[in-house]
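J.: The structure file model.cif (mmCIF, C-alpha atoms) is provided below.
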```cif
data_run
#
loop_
_atom_site.label_atom_id
_atom_site.label_comp_id
_atom_site.auth_asym_id
_atom_site.auth_seq_id
_atom_site.Cartn_x
_atom_site.Cartn_y
_atom_site.Cartn_z
CA MET A 1 83.88 -36.12 -32.43
CA PHE A 2 85.60 -33.05 -31.18
CA SER A 3 86.30 -32.76 -27.49
CA GLN A 4 83.90 -31.06 -25.13
CA THR A 5 86.57 -28.42 -24.57
CA THR A 6 86.61 -27.64 -28.31
CA GLU A 7 82.82 -27.36 -28.44
CA TYR A 8 82.83 -25.08 -25.38
CA ALA A 9 85.58 -22.86 -26.78
CA LEU A 10 83.60 -22.41 -30.00
CA ARG A 11 80.42 -21.60 -28.06
CA ALA A 12 82.19 -19.02 -25.89
CA MET A 13 83.72 -17.30 -28.90
CA ALA A 14 80.41 -17.28 -30.76
CA TRP A 15 78.77 -15.57 -27.80
CA LEU A 16 81.55 -12.97 -27.51
CA ALA A 17 81.21 -12.35 -31.27
CA LEU A 18 77.54 -11.52 -30.68
CA SER A 19 78.54 -8.95 -28.03
CA PRO A 20 81.66 -7.44 -29.59
CA ASP A 21 81.48 -4.09 -27.84
CA GLU A 22 81.26 -5.22 -24.24
CA LEU A 23 83.15 -7.04 -21.54
CA VAL A 24 81.07 -10.13 -20.78
CA PRO A 25 81.42 -11.67 -17.29
CA THR A 26 82.34 -15.36 -17.14
CA GLY A 27 79.05 -16.13 -15.41
CA ALA A 28 77.05 -14.59 -18.24
CA ILE A 29 79.01 -16.56 -20.85
CA ALA A 30 78.49 -19.74 -18.82
CA GLU A 31 74.75 -19.14 -18.63
CA ARG A 32 74.36 -18.62 -22.37
CA THR A 33 76.74 -21.39 -23.52
CA LEU A 34 75.40 -23.93 -20.99
CA VAL A 35 78.95 -24.63 -19.81
CA PRO A 36 79.72 -25.18 -16.10
CA GLU A 37 81.43 -21.99 -14.90
CA HIS A 38 84.57 -23.61 -13.45
CA TYR A 39 85.09 -25.53 -16.71
CA LEU A 40 84.44 -22.42 -18.78
CA ALA A 41 87.01 -20.46 -16.75
CA LYS A 42 89.72 -22.87 -17.91
CA VAL A 43 88.56 -22.70 -21.52
CA LEU A 44 88.65 -18.89 -21.36
CA GLN A 45 92.20 -19.05 -20.01
CA SER A 46 93.22 -21.11 -23.06
CA LEU A 47 91.53 -18.62 -25.38
CA ALA A 48 93.28 -15.73 -23.64
CA ALA A 49 96.63 -17.54 -23.79
CA ALA A 50 96.11 -17.85 -27.55
CA ASN A 51 95.47 -14.08 -27.72
CA LEU A 52 91.94 -14.56 -29.01
CA ILE A 53 90.23 -12.80 -26.09
CA LYS A 54 91.17 -10.12 -23.58
CA GLY A 55 89.97 -10.07 -20.00
CA ARG A 56 89.65 -7.57 -17.17
CA ARG A 57 89.26 -8.63 -13.57
CA GLY A 58 87.07 -7.16 -10.88
CA VAL A 59 83.73 -5.34 -10.82
CA GLY A 60 82.51 -4.72 -14.37
CA GLY A 61 85.18 -7.13 -15.63
CA GLY A 62 84.85 -9.93 -18.12
CA TYR A 63 86.07 -10.96 -21.54
CA ARG A 64 85.84 -9.57 -25.05
CA LEU A 65 87.33 -10.57 -28.40
CA ALA A 66 90.96 -9.52 -28.76
CA ARG A 67 90.41 -8.54 -32.38
CA ARG A 68 87.55 -8.16 -34.83
CA ALA A 69 85.28 -11.13 -35.37
CA GLU A 70 86.18 -11.20 -39.08
CA ASP A 71 89.84 -11.61 -38.15
CA ILE A 72 89.36 -14.76 -36.03
CA THR A 73 88.72 -18.05 -37.81
CA LEU A 74 87.12 -21.09 -36.25
CA LEU A 75 90.47 -22.77 -36.82
CA ASP A 76 92.14 -20.20 -34.55
CA VAL A 77 89.63 -21.14 -31.86
CA VAL A 78 89.97 -24.90 -32.34
CA ARG A 79 93.76 -24.66 -32.30
CA SER A 80 93.71 -22.82 -28.97
CA VAL A 81 92.53 -26.02 -27.29
CA MET A 82 93.72 -28.87 -29.56
CA VAL A 83 96.46 -29.69 -32.02
CA VAL A 84 95.28 -29.63 -35.65
CA GLU A 85 98.21 -30.14 -38.00
CA ARG A 86 98.84 -31.75 -41.36
CA ILE A 87 101.09 -34.83 -41.41
CA THR A 88 104.22 -33.97 -43.35
CA THR A 89 106.38 -36.99 -42.59
CA CYS A 90 105.94 -40.59 -41.41
CA PRO A 91 104.80 -40.52 -37.73
CA LEU A 92 106.71 -43.76 -37.13
CA GLY A 93 109.93 -42.23 -38.41
CA LEU A 94 110.37 -44.88 -41.10
CA PRO A 95 113.18 -43.64 -43.37
CA ASN A 96 111.76 -45.37 -46.47
CA HIS A 97 108.47 -43.47 -45.97
CA GLY A 98 109.57 -40.01 -44.88
CA PRO A 99 107.39 -37.46 -46.71
CA ASN A 100 105.87 -40.17 -48.97
CA LEU A 101 103.04 -41.05 -46.64
CA CYS A 102 101.61 -44.56 -46.71
CA PRO A 103 97.88 -44.88 -47.47
CA LEU A 104 97.07 -44.97 -43.74
CA HIS A 105 98.74 -41.69 -42.91
CA ARG A 106 97.57 -40.22 -46.21
CA ALA A 107 94.00 -40.85 -45.03
CA VAL A 108 94.68 -39.28 -41.62
CA ASP A 109 96.31 -36.30 -43.35
CA ASP A 110 93.35 -35.94 -45.73
CA ALA A 111 91.10 -35.74 -42.68
CA ALA A 112 93.35 -33.12 -41.09
CA LYS A 113 93.32 -31.10 -44.31
CA ALA A 114 89.52 -31.22 -44.44
CA ILE A 115 89.23 -29.95 -40.86
CA ILE A 116 91.74 -27.19 -41.51
CA ASP A 117 89.92 -26.12 -44.68
CA ILE A 118 86.44 -26.17 -43.14
CA PHE A 119 87.35 -24.31 -39.95
CA GLY A 120 89.96 -22.10 -41.60
CA GLU A 121 87.61 -20.60 -44.16
CA ARG A 122 84.97 -19.44 -41.64
CA THR A 123 85.38 -16.54 -39.26
CA LEU A 124 83.46 -15.69 -36.11
CA ARG A 125 81.71 -13.01 -38.13
CA ASP A 126 80.39 -15.65 -40.51
CA LEU A 127 78.74 -17.32 -37.50
CA VAL A 128 76.76 -14.31 -36.42
CA ALA A 129 76.26 -12.19 -39.55
CA ALA A 130 74.21 -14.45 -41.83
CA PRO A 131 70.77 -12.79 -41.79
CA GLN A 132 68.79 -15.85 -42.85
CA GLN A 133 70.32 -18.25 -40.32
CA ASN A 134 69.82 -19.03 -36.67
CA LYS A 135 72.15 -17.16 -34.34
CA PRO A 136 74.43 -19.48 -32.34
CA LEU A 137 73.30 -20.01 -28.73
CA CYS A 138 70.23 -17.80 -29.14
CA ASN A 139 66.67 -18.76 -28.31
CA SER A 140 63.82 -16.78 -29.88
CA GLN A 141 63.80 -14.15 -27.13
CA ILE A 142 67.53 -13.41 -27.38
CA THR A 143 67.41 -13.39 -31.18
CA ALA A 144 64.65 -10.77 -31.02
CA SER A 145 66.60 -8.62 -28.57
CA LEU A 146 69.71 -8.82 -30.77
CA THR A 147 67.67 -7.68 -33.75
CA VAL A 148 66.27 -4.75 -31.80
CA SER A 149 69.74 -3.89 -30.56
CA ALA A 150 71.15 -4.05 -34.10
CA ILE A 151 68.32 -1.82 -35.34
CA GLY A 152 69.01 0.56 -32.47
CA ARG A 153 72.66 0.79 -33.44
CA ALA A 154 71.90 1.26 -37.12
CA LYS A 155 69.73 4.31 -36.40
CA MET B 1 94.40 -34.03 -34.21
CA PHE B 2 93.06 -37.47 -33.55
CA SER B 3 93.84 -39.07 -30.24
CA GLN B 4 96.82 -41.31 -29.74
CA THR B 5 94.39 -44.17 -29.17
CA THR B 6 92.85 -43.59 -32.61
CA GLU B 7 96.26 -43.53 -34.30
CA TYR B 8 97.27 -46.72 -32.47
CA ALA B 9 94.03 -48.52 -33.38
CA LEU B 10 94.58 -47.68 -37.05
CA ARG B 11 98.20 -48.88 -36.91
CA ALA B 12 97.22 -52.17 -35.27
CA MET B 13 94.51 -52.84 -37.85
CA ALA B 14 96.85 -51.98 -40.73
CA TRP B 15 99.36 -54.49 -39.43
CA LEU B 16 96.74 -57.20 -39.01
CA ALA B 17 95.56 -56.47 -42.57
CA LEU B 18 99.09 -57.17 -43.77
CA SER B 19 99.02 -60.57 -42.03
CA PRO B 20 95.43 -61.65 -42.67
CA ASP B 21 96.03 -65.39 -42.43
CA GLU B 22 97.70 -65.59 -39.04
CA LEU B 23 97.13 -64.95 -35.36
CA VAL B 24 99.58 -62.19 -34.44
CA PRO B 25 100.72 -62.01 -30.79
CA THR B 26 100.20 -58.68 -29.02
CA GLY B 27 103.96 -58.33 -28.54
CA ALA B 28 104.56 -58.63 -32.28
CA ILE B 29 101.90 -56.01 -33.06
CA ALA B 30 103.39 -53.72 -30.42
CA GLU B 31 106.86 -54.07 -31.91
CA ARG B 32 105.75 -53.22 -35.43
CA THR B 33 103.33 -50.40 -34.53
CA LEU B 34 105.71 -48.82 -31.99
CA VAL B 35 102.95 -48.83 -29.37
CA PRO B 36 103.71 -49.68 -25.71
CA GLU B 37 102.37 -53.21 -25.16
CA HIS B 38 100.16 -52.42 -22.14
CA TYR B 39 98.57 -49.51 -24.04
CA LEU B 40 98.14 -51.65 -27.15
CA ALA B 41 96.42 -54.38 -25.11
CA LYS B 42 93.65 -51.91 -24.20
CA VAL B 43 93.31 -50.73 -27.80
CA LEU B 44 93.02 -54.35 -28.96
CA GLN B 45 90.29 -54.92 -26.37
CA SER B 46 88.32 -52.01 -27.87
CA LEU B 47 88.80 -53.39 -31.38
CA ALA B 48 87.65 -56.85 -30.21
CA ALA B 49 84.64 -55.34 -28.42
CA ALA B 50 83.68 -53.69 -31.73
CA ASN B 51 83.93 -57.11 -33.43
CA LEU B 52 86.73 -55.96 -35.73
CA ILE B 53 89.30 -58.50 -34.51
CA LYS B 54 89.22 -61.95 -32.93
CA GLY B 55 91.70 -63.17 -30.37
CA ARG B 56 92.90 -66.47 -28.96
CA ARG B 57 94.72 -66.73 -25.66
CA GLY B 58 97.66 -68.88 -24.72
CA VAL B 59 100.63 -70.34 -26.60
CA GLY B 60 100.34 -69.59 -30.30
CA GLY B 61 97.57 -67.11 -29.52
CA GLY B 62 97.12 -63.59 -30.78
CA TYR B 63 94.75 -61.52 -32.86
CA ARG B 64 93.50 -61.56 -36.44
CA LEU B 65 90.91 -59.56 -38.38
CA ALA B 66 87.36 -60.69 -37.63
CA ARG B 67 86.39 -60.29 -41.29
CA ARG B 68 88.04 -59.60 -44.63
CA ALA B 69 90.14 -56.44 -44.93
CA GLU B 70 87.89 -55.16 -47.72
CA ASP B 71 84.91 -55.36 -45.37
CA ILE B 72 86.39 -53.12 -42.65
CA THR B 73 86.54 -49.37 -43.26
CA LEU B 74 88.84 -46.98 -41.49
CA LEU B 75 85.65 -45.44 -40.09
CA ASP B 76 84.82 -48.76 -38.42
CA VAL B 77 88.23 -48.64 -36.75
CA VAL B 78 88.01 -44.99 -35.71
CA ARG B 79 84.52 -45.52 -34.30
CA SER B 80 85.71 -48.39 -32.13
CA VAL B 81 87.68 -45.89 -30.03
CA MET B 82 85.91 -42.53 -30.50
CA VAL B 83 82.49 -41.10 -31.27
CA VAL B 84 82.18 -39.80 -34.84
CA GLU B 85 78.62 -38.70 -35.53
CA ARG B 86 76.85 -36.08 -37.61
CA ILE B 87 75.01 -33.35 -35.70
CA THR B 88 71.32 -33.71 -36.46
CA THR B 89 69.85 -31.31 -33.92
CA CYS B 90 70.96 -28.31 -31.82
CA PRO B 91 73.41 -29.59 -29.15
CA LEU B 92 72.12 -26.91 -26.75
CA GLY B 93 68.56 -28.13 -27.15
CA LEU B 94 67.31 -24.74 -28.35
CA PRO B 95 63.77 -25.32 -29.64
CA ASN B 96 64.00 -22.52 -32.23
CA HIS B 97 67.09 -24.22 -33.74
CA GLY B 98 66.24 -27.92 -33.61
CA PRO B 99 67.35 -29.52 -36.88
CA ASN B 100 68.06 -26.09 -38.45
CA LEU B 101 71.62 -25.87 -37.26
CA CYS B 102 73.16 -22.46 -36.64
CA PRO B 103 76.32 -21.61 -38.61
CA LEU B 104 78.52 -22.77 -35.70
CA HIS B 105 77.07 -26.25 -35.49
CA ARG B 106 76.76 -26.37 -39.29
CA ALA B 107 80.55 -25.95 -39.43
CA VAL B 108 81.13 -28.65 -36.81
CA ASP B 109 78.76 -30.95 -38.69
CA ASP B 110 80.53 -30.23 -41.99
CA ALA B 111 83.77 -31.31 -40.33
CA ALA B 112 82.12 -34.49 -39.01
CA LYS B 113 80.76 -35.26 -42.48
CA ALA B 114 84.21 -34.80 -44.03
CA ILE B 115 85.76 -37.21 -41.52
CA ILE B 116 83.01 -39.77 -42.05
CA ASP B 117 83.38 -39.52 -45.84
CA ILE B 118 87.18 -39.76 -45.86
CA PHE B 119 87.43 -42.68 -43.43
CA GLY B 120 84.24 -44.35 -44.61
CA GLU B 121 85.31 -44.70 -48.23
CA ARG B 122 88.62 -46.47 -47.48
CA THR B 123 88.95 -50.05 -46.32
CA LEU B 124 91.84 -51.82 -44.66
CA ARG B 125 92.48 -53.49 -48.00
CA ASP B 126 93.00 -50.09 -49.62
CA LEU B 127 95.77 -49.45 -47.11
CA VAL B 128 97.79 -52.51 -47.99
CA ALA B 129 96.91 -53.36 -51.59
CA ALA B 130 98.06 -50.30 -53.54
CA PRO B 131 101.13 -51.61 -55.42
CA GLN B 132 102.78 -48.23 -56.00
CA GLN B 133 102.51 -46.99 -52.43
CA ASN B 134 104.44 -47.51 -49.23
CA LYS B 135 103.06 -50.24 -47.00
CA PRO B 136 101.90 -48.94 -43.61
CA LEU B 137 104.37 -49.62 -40.77
CA CYS B 138 106.88 -51.32 -43.08
CA ASN B 139 110.53 -50.44 -43.40
CA SER B 140 112.43 -51.51 -46.54
CA GLN B 141 113.33 -54.95 -45.12
CA ILE B 142 109.75 -55.82 -44.17
CA THR B 143 108.41 -54.51 -47.47
CA ALA B 144 110.83 -56.81 -49.32
CA SER B 145 109.82 -59.82 -47.22
CA LEU B 146 106.13 -59.09 -47.85
CA THR B 147 106.82 -58.97 -51.58
CA VAL B 148 108.67 -62.28 -51.49
CA SER B 149 105.87 -63.80 -49.42
CA ALA B 150 103.28 -62.54 -51.90
CA ILE B 151 105.30 -63.97 -54.83
CA GLY B 152 105.58 -67.24 -52.93
CA ARG B 153 101.83 -67.39 -52.48
CA ALA B 154 101.14 -66.49 -56.11
CA LYS B 155 103.22 -69.43 -57.41
#
```
Take the structure I supplied and represent it as structure tokens, if you would.
T.:
Amino acid sequence: MFSQTTEYALRAMAWLALSPDELVPTGAIAERTLVPEHYLAKVLQSLAAANLIKGRRGVGGGYRLARRAEDITLLDVVRSVMVVERITTCPLGLPNHGPNLCPLHRAVDDAAKAIIDIFGERTLRDLVAAPQQNKPLCNSQITASLTVSAIGRAK
Amino acid sequence: MFSQTTEYALRAMAWLALSPDELVPTGAIAERTLVPEHYLAKVLQSLAAANLIKGRRGVGGGYRLARRAEDITLLDVVRSVMVVERITTCPLGLPNHGPNLCPLHRAVDDAAKAIIDIFGERTLRDLVAAPQQNKPLCNSQITASLTVSAIGRAK
């Protein structure tokens, strides 16, 4: 339903949220998210343009989240690559409709509101912090290594 | 949020639902929906391919709904031009996820479910039959003529 670009942007951000303390090279993000690297590079540019990630070029370069995972909602991510807005006035410009949407545009607006609510109430941290749930993008091996790494940090 | 094609398909179907007893020429639909005629022609082809409208070529030709307005949901219309499906298994094919979606794909699936629910529970008849609401695509003049026509038919 959502574009491939939207899905890829969400995957990339989920992976960066799992590695919040490091610069992750584009190639490593591509490998984990199963996104072709040249396509991913464009998605990362959009995310950087929206000030959601910061990059550094060259050896040892890569991308990291621009702010804490709990301060970035999925809606922020989705909006970096597509327009998600409520309908506030008749899209056809009919003066007798104006802000009193007809049932057609009321339905489209209800759908927009639902998307905004669902993606707006969840942060990147919510994706990676739930202990009882699968980690995004992670097979069993990676999940185990993340757990070890988290235990290591907690010590 | 939805594509222009989706918006145009919904407009065209709303207009046909307002004129259920007649074949409406493409040019007349284009004029009322404010959609460029060559673009609209492609949208109408998609709607016909999905068996939502029927057309007749030539003089006096045009399009009409293929079944009653109460038997066509907005979801039927939206699905004629875009894919709207629930996520039932991990899009990355991770075997340890499978049908147990991670929080990222759970969120995307929640959004898909919301869209399916909102558009699935409303029919074309709901768009045009509510007496207290604006008619889709209709300025004051057209609304008045529809009312007169409805009174005429009721006599």
J.: Please enumerate the residues selected by the PyMOL selection byres ((chain A and resi 54-71) around 7) when evaluated against the supplied file, formatted as a PDB file with C-alpha atoms, in the coordinates of the input.
T.:
```
ATOM      1  CA  LEU A  16      81.550 -12.970 -27.510  1.00  0.00           C
ATOM      2  CA  ALA A  17      81.210 -12.350 -31.270  1.00  0.00           C
ATOM      3  CA  PRO A  20      81.660  -7.440 -29.590  1.00  0.00           C
ATOM      4  CA  GLU A  22      81.260  -5.220 -24.240  1.00  0.00           C
ATOM      5  CA  LEU A  23      83.150  -7.040 -21.540  1.00  0.00           C
ATOM      6  CA  VAL A  24      81.070 -10.130 -20.780  1.00  0.00           C
ATOM      7  CA  PRO A  25      81.420 -11.670 -17.290  1.00  0.00           C
ATOM      8  CA  THR A  26      82.340 -15.360 -17.140  1.00  0.00           C
ATOM      9  CA  ALA A  48      93.280 -15.730 -23.640  1.00  0.00           C
ATOM     10  CA  ASN A  51      95.470 -14.080 -27.720  1.00  0.00           C
ATOM     11  CA  LEU A  52      91.940 -14.560 -29.010  1.00  0.00           C
ATOM     12  CA  ILE A  53      90.230 -12.800 -26.090  1.00  0.00           C
ATOM     13  CA  ILE A  72      89.360 -14.760 -36.030  1.00  0.00           C
ATOM     14  CA  THR A  73      88.720 -18.050 -37.810  1.00  0.00           C
ATOM     15  CA  THR A 123      85.380 -16.540 -39.260  1.00  0.00           C
ATOM     16  CA  LEU A 124      83.460 -15.690 -36.110  1.00  0.00           C
ATOM     17  CA  ARG A 125      81.710 -13.010 -38.130  1.00  0.00           C
TER      18      ARG A 125
END
```
J.: Nearest to chain A among B:Ile87, B:Ala12, B:Ile118, B:Ile142, with distances taken over all atoms listed in the file: which residue is it?
T.: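 Of all the options, B:Ile118 lies closest to chain A.
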J.: If I take CA of Ser140 in chain B and CA of Gln4 in chain B, how far is one from the other in Å, to one decimal?
T.: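 Taking CA of Ser140 in chain B as the start and CA of Gln4 in chain B as the end point, the length is 25.1 Å.
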J.: Rounded to one decimal place, report the CA of Lys113 in chain B-CA of Leu74 in chain A distance in Å.
T.: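 Going from CA of Lys113 in chain B over to CA of Leu74 in chain A, I get 16.7 Å.
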J.: Using all atoms of range 23-40 of chain B that appear in the file, construct an axis-aligned enclosing box with 5 Å of padding on every side and provide its centre coordinates and edge lengths in Å, rounded to one decimal, as JSON.
T.:
```
{"center_x": 102.0, "center_y": -56.9, "center_z": -28.8, "size_x": 19.7, "size_y": 26.1, "size_z": 23.3}
```
J.: Please report as a Markdown table every residue of chain B lying within 8 Å of chain A, along with the nearest atom pair and their distance in Å (one decimal), using only C-alpha atoms.
T.:
```
| residue | atom | partner | partner_atom | distance |
| --- | --- | --- | --- | --- |
| B:Met1 | CA | A:Val84 | CA | 4.7 |
| B:Leu10 | CA | A:Leu104 | CA | 7.6 |
| B:Arg11 | CA | A:Leu104 | CA | 8.0 |
| B:Ala14 | CA | A:Leu104 | CA | 7.6 |
| B:Thr33 | CA | A:Leu92 | CA | 7.9 |
| B:Leu34 | CA | A:Leu92 | CA | 7.3 |
| B:Met82 | CA | A:Met1 | CA | 7.0 |
| B:Val83 | CA | A:Met1 | CA | 5.3 |
| B:Val84 | CA | A:Met1 | CA | 4.7 |
| B:Glu85 | CA | A:Met1 | CA | 6.6 |
| B:Leu92 | CA | A:Leu34 | CA | 7.3 |
| B:Leu94 | CA | A:Asn139 | CA | 6.0 |
| B:Pro95 | CA | A:Asn139 | CA | 7.3 |
| B:Asn96 | CA | A:Asn139 | CA | 6.1 |
| B:His97 | CA | A:Asn134 | CA | 6.6 |
| B:Asn100 | CA | A:Asn134 | CA | 7.5 |
| B:Leu101 | CA | A:Asn134 | CA | 7.1 |
| B:Cys102 | CA | A:Asn134 | CA | 4.8 |
| B:Pro103 | CA | A:Leu127 | CA | 5.0 |
| B:Leu104 | CA | A:Leu127 | CA | 5.7 |
| B:His105 | CA | A:Pro136 | CA | 7.9 |
| B:Ala107 | CA | A:Ile118 | CA | 7.0 |
| B:Asp110 | CA | A:Ile118 | CA | 7.3 |
| B:Ala111 | CA | A:Ile115 | CA | 5.7 |
| B:Ala112 | CA | A:Met1 | CA | 7.0 |
| B:Ala114 | CA | A:Ala114 | CA | 6.4 |
| B:Ile115 | CA | A:Ala111 | CA | 5.7 |
| B:Ile118 | CA | A:Ala111 | CA | 6.5 |
| B:Phe119 | CA | A:Ala107 | CA | 7.0 |
| B:Asp126 | CA | A:Pro103 | CA | 7.5 |
| B:Leu127 | CA | A:Pro103 | CA | 5.0 |
| B:Val128 | CA | A:Pro103 | CA | 7.6 |
| B:Gln133 | CA | A:Cys102 | CA | 6.3 |
| B:Asn134 | CA | A:Cys102 | CA | 4.8 |
| B:Lys135 | CA | A:Cys102 | CA | 5.9 |
| B:Pro136 | CA | A:Cys102 | CA | 5.4 |
| B:Leu137 | CA | A:Leu92 | CA | 7.3 |
| B:Cys138 | CA | A:Leu94 | CA | 7.6 |
| B:Asn139 | CA | A:Leu94 | CA | 6.0 |
| B:Ser140 | CA | A:Asn96 | CA | 6.2 |
```
J.: Would you write out chain A as a compact mmCIF listing (two decimals) with C-alpha atoms, keeping the file's coordinate frame, after superposing it on chain B by least squares over all in-order Cα pairs?
T.:
```
# COMPACT_ATOMS: atom_id res chain seq x y z
CA MET A 1 94.39 -34.04 -34.22
CA PHE A 2 93.07 -37.47 -33.56
CA SER A 3 93.82 -39.09 -30.24
CA GLN A 4 96.82 -41.32 -29.75
CA THR A 5 94.39 -44.18 -29.17
CA THR A 6 92.85 -43.60 -32.62
CA GLU A 7 96.27 -43.54 -34.29
CA TYR A 8 97.27 -46.74 -32.47
CA ALA A 9 94.04 -48.53 -33.38
CA LEU A 10 94.59 -47.68 -37.05
CA ARG A 11 98.21 -48.88 -36.90
CA ALA A 12 97.23 -52.18 -35.27
CA MET A 13 94.54 -52.84 -37.86
CA ALA A 14 96.87 -51.97 -40.73
CA TRP A 15 99.39 -54.48 -39.43
CA LEU A 16 96.76 -57.21 -39.02
CA ALA A 17 95.58 -56.45 -42.58
CA LEU A 18 99.12 -57.16 -43.78
CA SER A 19 99.04 -60.56 -42.03
CA PRO A 20 95.46 -61.66 -42.69
CA ASP A 21 96.06 -65.38 -42.44
CA GLU A 22 97.73 -65.57 -39.06
CA LEU A 23 97.16 -64.96 -35.39
CA VAL A 24 99.59 -62.18 -34.46
CA PRO A 25 100.72 -61.99 -30.80
CA THR A 26 100.20 -58.67 -29.03
CA GLY A 27 103.95 -58.31 -28.55
CA ALA A 28 104.59 -58.61 -32.27
CA ILE A 29 101.92 -56.00 -33.06
CA ALA A 30 103.41 -53.71 -30.41
CA GLU A 31 106.88 -54.06 -31.90
CA ARG A 32 105.76 -53.21 -35.42
CA THR A 33 103.33 -50.39 -34.52
CA LEU A 34 105.72 -48.81 -31.98
CA VAL A 35 102.96 -48.83 -29.36
CA PRO A 36 103.72 -49.67 -25.71
CA GLU A 37 102.38 -53.19 -25.14
CA HIS A 38 100.16 -52.42 -22.13
CA TYR A 39 98.57 -49.52 -24.04
CA LEU A 40 98.14 -51.66 -27.15
CA ALA A 41 96.42 -54.38 -25.11
CA LYS A 42 93.65 -51.93 -24.21
CA VAL A 43 93.32 -50.74 -27.80
CA LEU A 44 93.02 -54.36 -28.97
CA GLN A 45 90.29 -54.94 -26.39
CA SER A 46 88.32 -52.03 -27.88
CA LEU A 47 88.80 -53.41 -31.38
CA ALA A 48 87.66 -56.85 -30.24
CA ALA A 49 84.65 -55.35 -28.44
CA ALA A 50 83.70 -53.71 -31.74
CA ASN A 51 83.95 -57.12 -33.46
CA LEU A 52 86.74 -55.97 -35.75
CA ILE A 53 89.31 -58.51 -34.53
CA LYS A 54 89.22 -61.96 -32.96
CA GLY A 55 91.70 -63.17 -30.39
CA ARG A 56 92.90 -66.47 -28.97
CA ARG A 57 94.72 -66.71 -25.67
CA GLY A 58 97.67 -68.86 -24.73
CA VAL A 59 100.63 -70.34 -26.61
CA GLY A 60 100.34 -69.59 -30.32
CA GLY A 61 97.57 -67.09 -29.53
CA GLY A 62 97.12 -63.58 -30.80
CA TYR A 63 94.75 -61.51 -32.89
CA ARG A 64 93.51 -61.56 -36.46
CA LEU A 65 90.93 -59.57 -38.40
CA ALA A 66 87.37 -60.69 -37.68
CA ARG A 67 86.41 -60.29 -41.32
CA ARG A 68 88.07 -59.58 -44.65
CA ALA A 69 90.17 -56.45 -44.94
CA GLU A 70 87.92 -55.15 -47.74
CA ASP A 71 84.94 -55.37 -45.39
CA ILE A 72 86.42 -53.13 -42.67
CA THR A 73 86.56 -49.39 -43.28
CA LEU A 74 88.85 -46.98 -41.50
CA LEU A 75 85.67 -45.46 -40.11
CA ASP A 76 84.82 -48.77 -38.43
CA VAL A 77 88.24 -48.65 -36.77
CA VAL A 78 88.01 -45.00 -35.73
CA ARG A 79 84.52 -45.52 -34.32
CA SER A 80 85.72 -48.40 -32.14
CA VAL A 81 87.68 -45.91 -30.04
CA MET A 82 85.92 -42.54 -30.52
CA VAL A 83 82.51 -41.11 -31.28
CA VAL A 84 82.19 -39.81 -34.85
CA GLU A 85 78.63 -38.73 -35.55
CA ARG A 86 76.87 -36.10 -37.62
CA ILE A 87 75.00 -33.37 -35.71
CA THR A 88 71.31 -33.72 -36.47
CA THR A 89 69.84 -31.33 -33.93
CA CYS A 90 70.95 -28.34 -31.83
CA PRO A 91 73.42 -29.61 -29.15
CA LEU A 92 72.12 -26.94 -26.77
CA GLY A 93 68.56 -28.16 -27.16
CA LEU A 94 67.31 -24.77 -28.36
CA PRO A 95 63.76 -25.34 -29.65
CA ASN A 96 64.00 -22.54 -32.23
CA HIS A 97 67.08 -24.24 -33.74
CA GLY A 98 66.24 -27.94 -33.60
CA PRO A 99 67.35 -29.52 -36.89
CA ASN A 100 68.08 -26.09 -38.46
CA LEU A 101 71.64 -25.87 -37.25
CA CYS A 102 73.18 -22.46 -36.63
CA PRO A 103 76.35 -21.62 -38.60
CA LEU A 104 78.53 -22.79 -35.70
CA HIS A 105 77.08 -26.26 -35.50
CA ARG A 106 76.78 -26.40 -39.28
CA ALA A 107 80.56 -25.96 -39.42
CA VAL A 108 81.14 -28.67 -36.80
CA ASP A 109 78.76 -30.96 -38.69
CA ASP A 110 80.54 -30.25 -41.99
CA ALA A 111 83.77 -31.34 -40.32
CA ALA A 112 82.12 -34.51 -39.02
CA LYS A 113 80.77 -35.26 -42.49
CA ALA A 114 84.22 -34.83 -44.02
CA ILE A 115 85.77 -37.25 -41.52
CA ILE A 116 83.02 -39.78 -42.07
CA ASP A 117 83.39 -39.54 -45.86
CA ILE A 118 87.19 -39.77 -45.86
CA PHE A 119 87.45 -42.69 -43.44
CA GLY A 120 84.25 -44.37 -44.62
CA GLU A 121 85.32 -44.70 -48.23
CA ARG A 122 88.64 -46.47 -47.51
CA THR A 123 88.97 -50.05 -46.33
CA LEU A 124 91.89 -51.80 -44.68
CA ARG A 125 92.52 -53.47 -48.02
CA ASP A 126 93.01 -50.07 -49.63
CA LEU A 127 95.81 -49.45 -47.11
CA VAL A 128 97.83 -52.49 -48.01
CA ALA A 129 96.93 -53.34 -51.61
CA ALA A 130 98.10 -50.28 -53.56
CA PRO A 131 101.16 -51.59 -55.43
CA GLN A 132 102.80 -48.22 -56.02
CA GLN A 133 102.54 -46.97 -52.43
CA ASN A 134 104.46 -47.49 -49.24
CA LYS A 135 103.08 -50.22 -47.01
CA PRO A 136 101.92 -48.92 -43.61
CA LEU A 137 104.39 -49.60 -40.77
CA CYS A 138 106.89 -51.30 -43.08
CA ASN A 139 110.56 -50.43 -43.40
CA SER A 140 112.43 -51.52 -46.54
CA GLN A 141 113.32 -54.94 -45.12
CA ILE A 142 109.74 -55.82 -44.15
CA THR A 143 108.38 -54.50 -47.45
CA ALA A 144 110.80 -56.80 -49.30
CA SER A 145 109.79 -59.81 -47.21
CA LEU A 146 106.10 -59.08 -47.82
CA THR A 147 106.74 -58.95 -51.55
CA VAL A 148 108.57 -62.26 -51.45
CA SER A 149 105.80 -63.76 -49.35
CA ALA A 150 103.15 -62.47 -51.78
CA ILE A 151 105.11 -63.91 -54.71
CA GLY A 152 105.41 -67.19 -52.82
CA ARG A 153 101.66 -67.33 -52.33
CA ALA A 154 100.91 -66.43 -55.93
CA LYS A 155 102.97 -69.37 -57.22
```
